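In what follows, a single structure is set out as structure tokens and then discussed.
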Amino acid sequence: MPKIITLPGDGIGPEVTAAAVAVLREVAPDVITEEHAIGGGAFDTHGDPFPQRTRDALQDADAVLLGTVGGAHDSPWNRLPRHLRPESGLLALRKALGCYANLRPVRVQPGLEHLSPLKPELARGVDILIVRELLGGIYFDGDRRLEGHVAYNTMRYTTPEVERVAKVAFWAAEQRKGRVTSVDKANVLEVSELWRRDVQALRDREYRSIHLNHEYVDSVAMLIVANPSRYDVVVTENLFGDILSDLAAVIPGSLGLMPSASLGDGPGLFEPIHGSAPDIAGQGMANPAAAIQSAGMLLRHGLGRPDAANQVDRAVALALRQHPTRDLGGQADTQTFTQAVLRALETSPAVG
Ligand code: NAD
Ligand code: IPM
Ligand code: MN
């Protein structure tokens, strides 16, 4: 029986994770879930945003389902030494799992174009996969310091780090339209020069059927919303991928429609890309779709159950049509939306 570690975390994390677990139970009743602490709440209880108990629980896990971590701007958590802050717990979790490739699909399902603020003809048919490098770059390692009036961080990549994530992007493109756009700032940064060189060399060596092009991150920030259909797979480094994926959330219509899967050496990590939304936390109005779709990605990539994953995707699309949540201009609260997904699952066939 597959074992899933659930880490609800802070803010709306527990609300959306509960919805995702309910859906998971419905489509995969044999799965065992075990809940553990992460983030600010984990610091409050255990003095550590990634407690040893949580770390130990990962040993025999088949996959990890995460909610969100972090507090509001004025949260006392933000005054802790950096390594004790909620976000450091999440980064340590990603590192511990060795999840270097973060897949962030941006999809406008047929019939849901009206949820996008873009013109329907721009939103229609959008299907982008952002592959974000997740364990390197300016987020990790290297020199970092804040001293009085001087502060610095270091952006650093090595060829093996670039190649392993680029391989995931090429592999994904092979199952899709065969196009990869590598995003960098090679006109300014040495790190990007290495990134571009290594991605191109890998393509020329091992993935000659893939059409690869390179674009600058500032230009992509414009083009991805102005003409999203020009992209198939987008591969980029950690910070650029973080920013571009929130930007791309505008295309389907909300951060609440952006799931993710982080893959690497061990069990995968599945989480919505949005944060803990302190402005709406505890009010039962968060959109749980991204968390539920992340459970779908867990079924697909973590447990190898594509039929169940497709079932979840169809049920979410149906629920979005009938009961859109408030972030999408609708009325449904978390509960109403989740019930709609569960009803849609009961009436939809398991295969097809
Ligand atoms: P955020 O993503 O939490 O919220 C941005 C805006 O989007 C808010 O108005 C929020 O209400 C809305 N929103 C986000 N998810 C939503 C959902 N599912 N349904 C409806 N509305 C939703 O970003 P922020 O406000 O910049 O960050 C808040 C906290 O979350 C910070 O502490 C930050 O560090 C943390 N954070 C955590 C993660 C994570 O756990 N993976 C990701 C991003 C931010
Ligand atoms: C995300 C978040 C995290 C990141 C933070 C909370 C560490 O913004 O998952 O996108 O920057 O990776
Ligand atoms: Mn982010």
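Identifiers in this document derive from the order of the structure tokens: chains are assigned A, B, ..., residues are numbered from 1 separately in each chain, and ligands are numbered from 1 in order of occurrence.
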Query raised in the report: Which protein, DNA or RNA residues have an atom within 7 Å of ligand 2, counting only C-alpha atoms and all ligand atoms, as a ChimeraX atom specification?
Result: /A:69-70,87-88,90-91,242,273-275
Query raised in the report: Skipping near chain neighbours, those fewer than 4 positions away, what residues fall within 8 Å of region 5-13 of chain A using only C-alpha atoms, listed as a ChimeraX atom specification?
Result: /A:17-18,33-42,57-58,61,63-71,276-278,280-282,286
Enumerate the residues of region 15-248 of chain A with a DSSP assignment of helix (DSSP H, G or I), computed from the backbone, and present them as an mmCIF file with C-alpha atoms, in the first residue's frame.
data_model
loop_
_atom_site.group_PDB
_atom_site.id
_atom_site.type_symbol
_atom_site.label_atom_id
_atom_site.label_comp_id
_atom_site.auth_asym_id
_atom_site.auth_seq_id
_atom_site.Cartn_x
_atom_site.Cartn_y
_atom_site.Cartn_z
ATOM 1 C CA GLU A 15 -7.555 23.916 4.238
ATOM 2 C CA VAL A 16 -6.425 23.009 0.715
ATOM 3 C CA THR A 17 -4.529 19.885 1.815
ATOM 4 C CA ALA A 18 -7.658 18.506 3.501
ATOM 5 C CA ALA A 19 -9.461 18.895 0.173
ATOM 6 C CA ALA A 20 -6.645 17.170 -1.716
ATOM 7 C CA VAL A 21 -6.538 14.277 0.766
ATOM 8 C CA ALA A 22 -10.314 13.798 0.489
ATOM 9 C CA VAL A 23 -9.954 13.520 -3.293
ATOM 10 C CA LEU A 24 -6.957 11.194 -3.002
ATOM 11 C CA ARG A 25 -8.923 8.890 -0.672
ATOM 12 C CA GLU A 26 -11.787 8.782 -3.163
ATOM 13 C CA VAL A 27 -9.694 7.784 -6.202
ATOM 14 C CA GLY A 40 5.930 28.107 10.989
ATOM 15 C CA GLY A 41 3.589 25.837 12.917
ATOM 16 C CA ALA A 42 6.355 23.244 13.134
ATOM 17 C CA PHE A 43 8.708 25.870 14.531
ATOM 18 C CA ASP A 44 6.136 26.882 17.138
ATOM 19 C CA THR A 45 5.632 23.273 18.262
ATOM 20 C CA HIS A 46 9.040 21.668 17.704
ATOM 21 C CA GLN A 52 13.590 15.588 12.673
ATOM 22 C CA ARG A 53 10.360 13.596 13.011
ATOM 23 C CA THR A 54 9.164 14.898 9.666
ATOM 24 C CA ARG A 55 12.550 14.187 8.121
ATOM 25 C CA ASP A 56 12.488 10.616 9.481
ATOM 26 C CA ALA A 57 8.980 10.020 8.134
ATOM 27 C CA LEU A 58 10.237 10.584 4.575
ATOM 28 C CA GLN A 59 12.377 7.437 4.737
ATOM 29 C CA ASP A 60 9.683 5.001 3.666
ATOM 30 C CA PRO A 76 6.963 37.067 14.100
ATOM 31 C CA TRP A 77 8.259 34.145 12.023
ATOM 32 C CA ASN A 78 9.877 36.690 9.701
ATOM 33 C CA ARG A 79 12.007 38.007 12.552
ATOM 34 C CA ARG A 82 16.666 32.779 8.539
ATOM 35 C CA HIS A 83 17.334 29.070 9.046
ATOM 36 C CA LEU A 84 14.400 28.859 11.473
ATOM 37 C CA PRO A 86 8.991 28.634 7.620
ATOM 38 C CA GLU A 87 10.363 29.015 4.085
ATOM 39 C CA SER A 88 13.716 27.531 5.167
ATOM 40 C CA GLY A 89 11.823 24.446 6.293
ATOM 41 C CA LEU A 90 10.382 24.047 2.810
ATOM 42 C CA LEU A 91 13.758 24.558 1.128
ATOM 43 C CA ALA A 92 15.323 21.987 3.471
ATOM 44 C CA LEU A 93 12.526 19.533 2.622
ATOM 45 C CA ARG A 94 13.150 19.955 -1.127
ATOM 46 C CA LYS A 95 16.867 19.436 -0.564
ATOM 47 C CA ALA A 96 16.307 16.363 1.627
ATOM 48 C CA LEU A 97 14.126 14.790 -1.064
ATOM 49 C CA GLU A 113 -11.282 30.137 -21.130
ATOM 50 C CA HIS A 114 -13.746 32.485 -19.425
ATOM 51 C CA LEU A 115 -11.833 32.128 -16.135
ATOM 52 C CA PRO A 120 -10.495 33.942 -25.005
ATOM 53 C CA GLU A 121 -8.569 33.602 -28.268
ATOM 54 C CA LEU A 122 -5.289 34.049 -26.351
ATOM 55 C CA ALA A 123 -6.214 31.732 -23.478
ATOM 56 C CA GLY A 137 21.015 28.935 -8.064
ATOM 57 C CA ILE A 138 20.723 31.896 -5.747
ATOM 58 C CA TYR A 139 18.482 29.973 -3.326
ATOM 59 C CA THR A 159 27.112 21.699 -15.525
ATOM 60 C CA PRO A 160 25.697 18.534 -13.863
ATOM 61 C CA GLU A 161 22.987 20.628 -12.166
ATOM 62 C CA VAL A 162 22.012 22.215 -15.474
ATOM 63 C CA GLU A 163 22.095 18.935 -17.374
ATOM 64 C CA ARG A 164 19.926 16.941 -14.980
ATOM 65 C CA VAL A 165 17.065 19.445 -15.067
ATOM 66 C CA ALA A 166 17.426 20.005 -18.817
ATOM 67 C CA LYS A 167 17.078 16.238 -19.298
ATOM 68 C CA VAL A 168 13.724 16.343 -17.525
ATOM 69 C CA ALA A 169 12.627 19.192 -19.812
ATOM 70 C CA PHE A 170 13.694 17.303 -22.960
ATOM 71 C CA TRP A 171 12.056 14.100 -21.700
ATOM 72 C CA ALA A 172 8.808 15.996 -21.053
ATOM 73 C CA ALA A 173 8.968 17.665 -24.482
ATOM 74 C CA GLU A 174 9.300 14.249 -26.112
ATOM 75 C CA GLU A 190 27.921 34.283 -16.547
ATOM 76 C CA VAL A 191 25.704 31.721 -14.832
ATOM 77 C CA SER A 192 23.256 32.089 -17.711
ATOM 78 C CA GLU A 193 26.055 31.761 -20.241
ATOM 79 C CA LEU A 194 26.921 28.365 -18.721
ATOM 80 C CA TRP A 195 23.221 27.434 -18.559
ATOM 81 C CA ARG A 196 22.669 28.234 -22.244
ATOM 82 C CA ARG A 197 25.842 26.491 -23.391
ATOM 83 C CA ASP A 198 25.110 23.313 -21.438
ATOM 84 C CA VAL A 199 21.438 23.074 -22.406
ATOM 85 C CA GLN A 200 22.325 23.517 -26.096
ATOM 86 C CA ALA A 201 25.176 20.984 -25.908
ATOM 87 C CA LEU A 202 22.921 18.396 -24.284
ATOM 88 C CA ARG A 203 20.283 18.924 -26.975
ATOM 89 C CA ASP A 204 22.910 18.546 -29.719
ATOM 90 C CA ARG A 205 24.328 15.391 -28.126
ATOM 91 C CA GLU A 206 21.248 13.491 -26.995
ATOM 92 C CA VAL A 217 13.808 36.116 -19.039
ATOM 93 C CA ASP A 218 12.606 39.718 -19.300
ATOM 94 C CA SER A 219 11.222 39.097 -22.763
ATOM 95 C CA VAL A 220 9.580 35.831 -21.657
ATOM 96 C CA ALA A 221 7.871 37.704 -18.812
ATOM 97 C CA MET A 222 6.070 39.723 -21.486
ATOM 98 C CA LEU A 223 5.533 37.072 -24.152
ATOM 99 C CA ILE A 224 4.215 34.372 -21.816
ATOM 100 C CA VAL A 225 1.129 36.477 -21.080
ATOM 101 C CA ALA A 226 0.918 38.302 -24.419
ATOM 102 C CA PRO A 228 1.198 32.050 -24.283
ATOM 103 C CA SER A 229 0.558 29.598 -27.121
ATOM 104 C CA ARG A 230 4.100 30.094 -28.421
ATOM 105 C CA ASN A 238 15.306 28.466 -9.735
ATOM 106 C CA LEU A 239 14.524 32.166 -9.190
ATOM 107 C CA PHE A 240 13.429 32.893 -12.765
ATOM 108 C CA GLY A 241 11.120 29.862 -12.604
ATOM 109 C CA ASP A 242 9.624 30.998 -9.321
ATOM 110 C CA ILE A 243 8.732 34.404 -10.738
ATOM 111 C CA LEU A 244 7.624 33.286 -14.209
ATOM 112 C CA SER A 245 5.297 30.638 -12.800
ATOM 113 C CA ASP A 246 3.368 33.101 -10.596
ATOM 114 C CA LEU A 247 3.149 35.369 -13.642
ATOM 115 C CA ALA A 248 1.862 32.485 -15.753
#
Report task. Identify, with DSSP run on backbone atoms, the residues in region 129-297 of chain A assigned to strand (DSSP E), and express the list as a PyMOL selection string. Result -> chain A and resi 129-133+145-147+150-152+179-184+211-216+233-236+261-263+268-270
**Report entry** Non-local contacts of Glu346 (chain A) (12 Å; only C-alpha atoms; under 2 positions in same chain excluded) as a list in words
**Finding:**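 Neighbouring residues, sequence-local ones excluded: Val23, Glu26, Val27, Gln311, Val312, Arg314, Ala315, Gln339, Ala340, Val341, Leu342, Arg343, Ala344, Ser348, Pro349 and Ala350 of chain A.
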Query raised in the report: What is the distance, in Å and to one decimal place, between CA of Leu269 (chain A) and CA of Arg305 (chain A)?
Result: 15.8 Å
Report summary line: Shortest contact to ligand 3, candidates A:Ala317, A:Leu212, A:Ala295, A:Leu134, atoms counted only C-alpha atoms and all ligand atoms, goes to A:Leu134
Query raised in the report: Which of these, A:Val131, A:Leu257, A:Met1, A:Val188, has the shortest distance to ligand 1 once you count only C-alpha atoms and all ligand atoms?
Result: A:Leu257
Query raised in the report: What is the distance, in Å and to one decimal place, between CA of Pro81 (chain A) and CA of Phe270 (chain A)?
Result: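 Between these atoms lies a distance of 27.0 Å.
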